Amino acid sequence: NALYNSLKIDVPLRDALIITLRKMLFSRNVDSRVVAVRGFLLLLRQLRVVGALPSSQASLSFSSALSQISCTAQVHSEVSTNRNQTLCFELLGVLRRCFSQQHQVRSALYAGLYDVCRVNPKLCPNILSLLHQHLTGFIDLRPDTLNPVVLKKTVQVHGDTATLQEPLGNLLGCLSACKVYYERKRAESSDASRALDDD
């Protein structure tokens, strides 16, 4: 947070910070990894991607426990926006690696993605797709399945000890919050477009 304003105008400093955060994300220390995730989330909140929220370019359909999400990002014409958008996509790709790390790291990711959606609404489709793809690994939708949640993937058991692998509640909460926010923003954008057409 102390570097927030400087990062807006000092590109070399921002690039150096990204390199440092990448290294921290693969540190042996879990706390360092959590700090790295929070740093990347801060950058995603800072790198604004301007323009209208994708509507026809992004279709979202949620059914039963899962959703099939498809999105196509609309690229803005301004060079600075293109640069921010490209960098944001790159950072989201880096954060995807958190899904193979400890539950503390994943929890930090889920705790911050909703704020990224609110500050940077154009990233909502990408964030939803990222979360949804990860969620599918813990769900079994076969008709004869009594419990669709694959619990053995969320908890690792060694004898009498159980270790949390995936904070599934946090994942579902984050996905739901981002989905609700995205749909609300799409509705507001649609209403505003209709009002302009009526005028």
# chains A, B, ... in the order shown; residues from 1 in each chain; ligands from 1

call {"tool": "select_by_dssp", "arguments": {"residues": "range 6-188 of chain A", "states": "helix (DSSP H, G or I)", "output": "ChimeraX atom specification"}}
result
/A:6-9,11-25,30-46,79-100,103-119,121-138,151-153,168-188

call {"tool": "closest_residue", "arguments": {"among": "A:Val30, A:Arg22, A:Ala111, A:Leu47", "to": "Thr86 in chain A", "atoms": "only C-alpha atoms"}}
result
A:Leu47

call {"tool": "closest_residue", "arguments": {"among": "A:Asp160, A:Leu168, A:Arg33, A:Gln85", "to": "Arg97 in chain A", "atoms": "only C-alpha atoms"}}
result
A:Arg33

call {"tool": "atom_distance", "arguments": {"atom1": "CA of Asn29 in chain A", "atom2": "CA of Leu164 in chain A"}}
result
17.5 Å

call {"tool": "atom_distance", "arguments": {"atom1": "CA of Leu21 in chain A", "atom2": "CA of Ala36 in chain A"}}
result
4.9 Å

call {"tool": "residues_around", "arguments": {"residues": "range 136-139 of chain A", "least_positions_apart": "6", "cutoff": "9 Å", "atoms": "only C-alpha atoms", "output": "list in words"}}
result
Ala65, Leu66, Asn147, Pro148, Val149, Val150, Leu151, Lys152, Lys153, Thr154 and Leu168 of chain A

call {"tool": "write_last_selection", "arguments": {"atoms": "all heavy atoms", "output": "mmCIF file, in the first residue's frame"}}
result
data_model
loop_
_atom_site.group_PDB
_atom_site.id
_atom_site.type_symbol
_atom_site.label_atom_id
_atom_site.label_comp_id
_atom_site.auth_asym_id
_atom_site.auth_seq_id
_atom_site.Cartn_x
_atom_site.Cartn_y
_atom_site.Cartn_z
ATOM 1 N N ALA A 65 -25.273 -26.758 -9.774
ATOM 2 C CA ALA A 65 -24.106 -26.464 -8.953
ATOM 3 C C ALA A 65 -22.981 -25.822 -9.734
ATOM 4 O O ALA A 65 -22.084 -25.228 -9.166
ATOM 5 C CB ALA A 65 -23.586 -27.749 -8.302
ATOM 6 N N LEU A 66 -23.027 -25.924 -11.047
ATOM 7 C CA LEU A 66 -21.936 -25.410 -11.868
ATOM 8 C C LEU A 66 -22.436 -24.435 -12.890
ATOM 9 O O LEU A 66 -23.615 -24.284 -13.124
ATOM 10 C CB LEU A 66 -21.229 -26.571 -12.592
ATOM 11 C CG LEU A 66 -20.313 -27.420 -11.726
ATOM 12 C CD1 LEU A 66 -19.694 -28.504 -12.570
ATOM 13 C CD2 LEU A 66 -19.237 -26.565 -11.120
ATOM 14 N N ASN A 147 -23.358 -37.329 -3.742
ATOM 15 C CA ASN A 147 -22.744 -36.084 -3.267
ATOM 16 C C ASN A 147 -21.852 -35.537 -4.372
ATOM 17 O O ASN A 147 -20.819 -36.137 -4.691
ATOM 18 C CB ASN A 147 -21.929 -36.346 -2.002
ATOM 19 C CG ASN A 147 -21.298 -35.074 -1.452
ATOM 20 O OD1 ASN A 147 -21.566 -33.971 -1.936
ATOM 21 N ND2 ASN A 147 -20.458 -35.218 -0.445
ATOM 22 N N PRO A 148 -22.232 -34.429 -4.981
ATOM 23 C CA PRO A 148 -21.440 -33.911 -6.104
ATOM 24 C C PRO A 148 -20.078 -33.360 -5.711
ATOM 25 O O PRO A 148 -19.225 -33.152 -6.569
ATOM 26 C CB PRO A 148 -22.332 -32.795 -6.664
ATOM 27 C CG PRO A 148 -23.156 -32.358 -5.509
ATOM 28 C CD PRO A 148 -23.403 -33.589 -4.695
ATOM 29 N N VAL A 149 -19.862 -33.110 -4.416
ATOM 30 C CA VAL A 149 -18.585 -32.563 -3.969
ATOM 31 C C VAL A 149 -17.585 -33.698 -3.751
ATOM 32 O O VAL A 149 -17.847 -34.634 -2.998
ATOM 33 C CB VAL A 149 -18.747 -31.757 -2.667
ATOM 34 C CG1 VAL A 149 -17.403 -31.204 -2.208
ATOM 35 C CG2 VAL A 149 -19.742 -30.632 -2.850
ATOM 36 N N VAL A 150 -16.450 -33.604 -4.418
ATOM 37 C CA VAL A 150 -15.399 -34.621 -4.268
ATOM 38 C C VAL A 150 -14.568 -34.264 -3.043
ATOM 39 O O VAL A 150 -13.541 -33.564 -3.129
ATOM 40 C CB VAL A 150 -14.514 -34.688 -5.531
ATOM 41 C CG1 VAL A 150 -13.518 -35.836 -5.416
ATOM 42 C CG2 VAL A 150 -15.373 -34.854 -6.777
ATOM 43 N N LEU A 151 -14.998 -34.751 -1.884
ATOM 44 C CA LEU A 151 -14.392 -34.349 -0.618
ATOM 45 C C LEU A 151 -12.936 -34.773 -0.503
ATOM 46 O O LEU A 151 -12.140 -34.089 0.144
ATOM 47 C CB LEU A 151 -15.200 -34.940 0.547
ATOM 48 C CG LEU A 151 -16.612 -34.380 0.725
ATOM 49 C CD1 LEU A 151 -17.323 -35.109 1.851
ATOM 50 C CD2 LEU A 151 -16.566 -32.885 1.021
ATOM 51 N N LYS A 152 -12.585 -35.895 -1.118
ATOM 52 C CA LYS A 152 -11.209 -36.372 -0.977
ATOM 53 C C LYS A 152 -10.201 -35.414 -1.600
ATOM 54 O O LYS A 152 -9.002 -35.483 -1.297
ATOM 55 C CB LYS A 152 -11.076 -37.764 -1.588
ATOM 56 C CG LYS A 152 -11.288 -37.818 -3.085
ATOM 57 C CD LYS A 152 -11.143 -39.250 -3.589
ATOM 58 C CE LYS A 152 -11.348 -39.338 -5.095
ATOM 59 N NZ LYS A 152 -11.225 -40.729 -5.594
ATOM 60 N N LYS A 153 -10.674 -34.517 -2.461
ATOM 61 C CA LYS A 153 -9.787 -33.525 -3.057
ATOM 62 C C LYS A 153 -9.679 -32.263 -2.210
ATOM 63 O O LYS A 153 -8.804 -31.437 -2.455
ATOM 64 C CB LYS A 153 -10.263 -33.155 -4.462
ATOM 65 C CG LYS A 153 -10.119 -34.259 -5.485
ATOM 66 C CD LYS A 153 -10.484 -33.751 -6.869
ATOM 67 C CE LYS A 153 -10.273 -34.805 -7.931
ATOM 68 N NZ LYS A 153 -10.599 -34.300 -9.299
ATOM 69 N N THR A 154 -10.564 -32.095 -1.261
ATOM 70 C CA THR A 154 -10.547 -30.894 -0.429
ATOM 71 C C THR A 154 -9.823 -31.099 0.898
ATOM 72 O O THR A 154 -9.369 -30.146 1.518
ATOM 73 C CB THR A 154 -11.971 -30.409 -0.130
ATOM 74 O OG1 THR A 154 -12.679 -31.406 0.630
ATOM 75 C CG2 THR A 154 -12.741 -30.161 -1.428
ATOM 76 N N LEU A 168 -13.053 -24.814 0.217
ATOM 77 C CA LEU A 168 -14.130 -24.806 -0.769
ATOM 78 C C LEU A 168 -15.188 -23.751 -0.457
ATOM 79 O O LEU A 168 -15.752 -23.139 -1.371
ATOM 80 C CB LEU A 168 -14.773 -26.193 -0.841
ATOM 81 C CG LEU A 168 -15.685 -26.467 -2.031
ATOM 82 C CD1 LEU A 168 -14.945 -26.286 -3.345
ATOM 83 C CD2 LEU A 168 -16.275 -27.868 -1.942
#

call {"tool": "atom_distance", "arguments": {"atom1": "CA of Val49 in chain A", "atom2": "CA of Tyr181 in chain A"}}
result
16.8 Å

call {"tool": "residues_around", "arguments": {"residues": "Gln104 in chain A", "least_positions_apart": "3", "cutoff": "9 Å", "atoms": "only C-alpha atoms", "output": "ChimeraX atom specification"}}
result
/A:30-31,33-34,101,107-109,167

call {"tool": "write_last_selection", "arguments": {"atoms": "N, CA, C and O atoms", "output": "CSV table (one decimal), in the first residue's frame"}}
result
chain,number,residue,atom,x,y,z
A,30,VAL,N,5.2,-20.0,3.6
A,30,VAL,CA,3.8,-19.8,3.2
A,30,VAL,C,3.4,-18.3,3.4
A,30,VAL,O,2.7,-17.8,2.6
A,31,ASP,N,3.9,-17.7,4.4
A,31,ASP,CA,3.5,-16.3,4.7
A,31,ASP,C,4.0,-15.4,3.5
A,31,ASP,O,3.4,-14.4,3.1
A,33,ARG,N,4.3,-16.3,0.5
A,33,ARG,CA,3.4,-16.6,-0.7
A,33,ARG,C,2.1,-15.8,-0.5
A,33,ARG,O,1.6,-15.2,-1.5
A,34,VAL,N,1.6,-15.7,0.7
A,34,VAL,CA,0.4,-15.0,1.0
A,34,VAL,C,0.6,-13.5,0.7
A,34,VAL,O,-0.2,-12.8,0.1
A,101,GLN,N,-1.2,-24.5,-4.5
A,101,GLN,CA,-0.4,-24.2,-3.3
A,101,GLN,C,-1.3,-24.4,-2.1
A,101,GLN,O,-2.4,-24.8,-2.2
A,107,SER,N,-6.8,-19.1,0.1
A,107,SER,CA,-7.8,-18.3,0.9
A,107,SER,C,-7.5,-16.8,0.7
A,107,SER,O,-8.4,-16.0,0.5
A,108,ALA,N,-6.2,-16.5,0.6
A,108,ALA,CA,-5.8,-15.1,0.4
A,108,ALA,C,-6.3,-14.6,-1.0
A,108,ALA,O,-6.8,-13.5,-1.2
A,109,LEU,N,-6.2,-15.5,-2.0
A,109,LEU,CA,-6.6,-15.2,-3.3
A,109,LEU,C,-8.2,-15.0,-3.3
A,109,LEU,O,-8.6,-14.0,-3.9
A,167,PRO,N,-10.0,-24.6,0.6
A,167,PRO,CA,-11.1,-24.0,1.3
A,167,PRO,C,-12.3,-23.7,0.4
A,167,PRO,O,-12.5,-22.7,-0.1

call {"tool": "residues_around", "arguments": {"residues": "Gly39 in chain A", "least_positions_apart": "3", "cutoff": "9 Å", "atoms": "only C-alpha atoms", "output": "MDAnalysis selection string"}}
result
chainID A and resid 1 17:18 21 34:36 42:44

call {"tool": "write_last_selection", "arguments": {"atoms": "all heavy atoms", "output": "PDB file, in the first residue's frame"}}
result
ATOM      1  N   ASN A   1       0.824  -1.212   0.000  1.00  0.00           N
ATOM      2  CA  ASN A   1       0.000   0.000   0.000  1.00  0.00           C
ATOM      3  C   ASN A   1       0.857   1.260   0.000  1.00  0.00           C
ATOM      4  O   ASN A   1       0.473   2.281  -0.569  1.00  0.00           O
ATOM      5  CB  ASN A   1      -0.926   0.011   1.222  1.00  0.00           C
ATOM      6  CG  ASN A   1      -2.090  -0.954   1.069  1.00  0.00           C
ATOM      7  OD1 ASN A   1      -2.598  -1.153  -0.036  1.00  0.00           O
ATOM      8  ND2 ASN A   1      -2.500  -1.561   2.164  1.00  0.00           N
ATOM      9  N   LEU A  17       8.710  -4.737  -8.885  1.00  0.00           N
ATOM     10  CA  LEU A  17       7.840  -5.295  -7.857  1.00  0.00           C
ATOM     11  C   LEU A  17       7.212  -6.605  -8.336  1.00  0.00           C
ATOM     12  O   LEU A  17       7.116  -7.579  -7.577  1.00  0.00           O
ATOM     13  CB  LEU A  17       6.745  -4.295  -7.494  1.00  0.00           C
ATOM     14  CG  LEU A  17       5.706  -4.780  -6.478  1.00  0.00           C
ATOM     15  CD1 LEU A  17       6.370  -5.129  -5.151  1.00  0.00           C
ATOM     16  CD2 LEU A  17       4.623  -3.726  -6.271  1.00  0.00           C
ATOM     17  N   ILE A  18       6.794  -6.647  -9.594  1.00  0.00           N
ATOM     18  CA  ILE A  18       6.179  -7.855 -10.142  1.00  0.00           C
ATOM     19  C   ILE A  18       7.178  -9.016 -10.120  1.00  0.00           C
ATOM     20  O   ILE A  18       6.827 -10.151  -9.767  1.00  0.00           O
ATOM     21  CB  ILE A  18       5.672  -7.597 -11.576  1.00  0.00           C
ATOM     22  CG1 ILE A  18       4.459  -6.653 -11.531  1.00  0.00           C
ATOM     23  CG2 ILE A  18       5.289  -8.911 -12.259  1.00  0.00           C
ATOM     24  CD1 ILE A  18       3.970  -6.236 -12.905  1.00  0.00           C
ATOM     25  N   LEU A  21       7.483 -10.188  -6.541  1.00  0.00           N
ATOM     26  CA  LEU A  21       6.293 -10.934  -6.122  1.00  0.00           C
ATOM     27  C   LEU A  21       6.256 -12.331  -6.736  1.00  0.00           C
ATOM     28  O   LEU A  21       5.832 -13.293  -6.085  1.00  0.00           O
ATOM     29  CB  LEU A  21       5.029 -10.156  -6.504  1.00  0.00           C
ATOM     30  CG  LEU A  21       4.798  -8.842  -5.757  1.00  0.00           C
ATOM     31  CD1 LEU A  21       3.567  -8.124  -6.308  1.00  0.00           C
ATOM     32  CD2 LEU A  21       4.640  -9.088  -4.258  1.00  0.00           C
ATOM     33  N   VAL A  34       1.616 -15.726   0.700  1.00  0.00           N
ATOM     34  CA  VAL A  34       0.392 -14.967   0.963  1.00  0.00           C
ATOM     35  C   VAL A  34       0.618 -13.483   0.681  1.00  0.00           C
ATOM     36  O   VAL A  34      -0.231 -12.817   0.067  1.00  0.00           O
ATOM     37  CB  VAL A  34      -0.083 -15.181   2.421  1.00  0.00           C
ATOM     38  CG1 VAL A  34      -1.214 -14.223   2.761  1.00  0.00           C
ATOM     39  CG2 VAL A  34      -0.533 -16.628   2.621  1.00  0.00           C
ATOM     40  N   VAL A  35       1.758 -12.964   1.102  1.00  0.00           N
ATOM     41  CA  VAL A  35       2.089 -11.559   0.832  1.00  0.00           C
ATOM     42  C   VAL A  35       2.156 -11.316  -0.670  1.00  0.00           C
ATOM     43  O   VAL A  35       1.685 -10.291  -1.182  1.00  0.00           O
ATOM     44  CB  VAL A  35       3.419 -11.173   1.506  1.00  0.00           C
ATOM     45  CG1 VAL A  35       3.885  -9.798   1.032  1.00  0.00           C
ATOM     46  CG2 VAL A  35       3.275 -11.178   3.024  1.00  0.00           C
ATOM     47  N   ALA A  36       2.732 -12.262  -1.407  1.00  0.00           N
ATOM     48  CA  ALA A  36       2.831 -12.131  -2.860  1.00  0.00           C
ATOM     49  C   ALA A  36       1.451 -12.071  -3.498  1.00  0.00           C
ATOM     50  O   ALA A  36       1.199 -11.242  -4.387  1.00  0.00           O
ATOM     51  CB  ALA A  36       3.626 -13.304  -3.436  1.00  0.00           C
ATOM     52  N   LEU A  42      -3.341  -6.266  -5.273  1.00  0.00           N
ATOM     53  CA  LEU A  42      -3.241  -4.806  -5.217  1.00  0.00           C
ATOM     54  C   LEU A  42      -2.950  -4.237  -6.604  1.00  0.00           C
ATOM     55  O   LEU A  42      -3.549  -3.233  -7.019  1.00  0.00           O
ATOM     56  CB  LEU A  42      -2.149  -4.393  -4.235  1.00  0.00           C
ATOM     57  CG  LEU A  42      -1.855  -2.892  -4.135  1.00  0.00           C
ATOM     58  CD1 LEU A  42      -3.074  -2.129  -3.624  1.00  0.00           C
ATOM     59  CD2 LEU A  42      -0.651  -2.637  -3.230  1.00  0.00           C
ATOM     60  N   LEU A  43      -2.060  -4.873  -7.331  1.00  0.00           N
ATOM     61  CA  LEU A  43      -1.741  -4.419  -8.686  1.00  0.00           C
ATOM     62  C   LEU A  43      -2.964  -4.526  -9.598  1.00  0.00           C
ATOM     63  O   LEU A  43      -3.212  -3.639 -10.418  1.00  0.00           O
ATOM     64  CB  LEU A  43      -0.593  -5.249  -9.260  1.00  0.00           C
ATOM     65  CG  LEU A  43       0.801  -4.951  -8.698  1.00  0.00           C
ATOM     66  CD1 LEU A  43       1.807  -5.975  -9.206  1.00  0.00           C
ATOM     67  CD2 LEU A  43       1.235  -3.542  -9.080  1.00  0.00           C
ATOM     68  N   LEU A  44      -3.727  -5.589  -9.460  1.00  0.00           N
ATOM     69  CA  LEU A  44      -4.927  -5.760 -10.291  1.00  0.00           C
ATOM     70  C   LEU A  44      -5.973  -4.696  -9.977  1.00  0.00           C
ATOM     71  O   LEU A  44      -6.746  -4.308 -10.855  1.00  0.00           O
ATOM     72  CB  LEU A  44      -5.519  -7.154 -10.074  1.00  0.00           C
ATOM     73  CG  LEU A  44      -4.758  -8.309 -10.727  1.00  0.00           C
ATOM     74  CD1 LEU A  44      -5.307  -9.653 -10.240  1.00  0.00           C
ATOM     75  CD2 LEU A  44      -4.852  -8.216 -12.245  1.00  0.00           C
TER      76      LEU A  44
END

call {"tool": "residues_around", "arguments": {"residues": "Leu128 in chain A", "least_positions_apart": "4", "cutoff": "8 Å", "atoms": "only C-alpha atoms", "output": "PyMOL selection string"}}
result
chain A and resi 69+124+132+175+178-179

call {"tool": "closest_residue", "arguments": {"among": "A:Leu41, A:Ser100, A:Glu166, A:Asp144", "to": "Asn120 in chain A", "atoms": "only C-alpha atoms"}}
result
A:Leu41

call {"tool": "residues_around", "arguments": {"residues": "Phe89 in chain A", "least_positions_apart": "5", "cutoff": "9 Å", "atoms": "only C-alpha atoms", "output": "ChimeraX atom specification"}}
result
/A:84,94,123,126

call {"tool": "write_last_selection", "arguments": {"atoms": "N, CA, C and O atoms", "output": "tab-separated table (two decimals), in the first residue's frame"}}
result
chain	number	residue	atom	x	y	z
A	84	ASN	N	-2.49	-2.05	-19.85
A	84	ASN	CA	-3.02	-2.45	-18.55
A	84	ASN	C	-3.78	-3.77	-18.66
A	84	ASN	O	-3.65	-4.65	-17.80
A	94	VAL	N	-0.64	-15.67	-13.55
A	94	VAL	CA	0.29	-16.00	-12.47
A	94	VAL	C	-0.49	-16.48	-11.24
A	94	VAL	O	-0.12	-17.48	-10.60
A	123	LEU	N	-12.61	-7.01	-15.65
A	123	LEU	CA	-11.91	-8.27	-15.40
A	123	LEU	C	-12.84	-9.35	-14.85
A	123	LEU	O	-12.44	-10.50	-14.70
A	126	ASN	N	-13.15	-12.71	-16.73
A	126	ASN	CA	-11.92	-13.49	-16.63
A	126	ASN	C	-11.77	-14.12	-15.25
A	126	ASN	O	-11.33	-15.27	-15.12
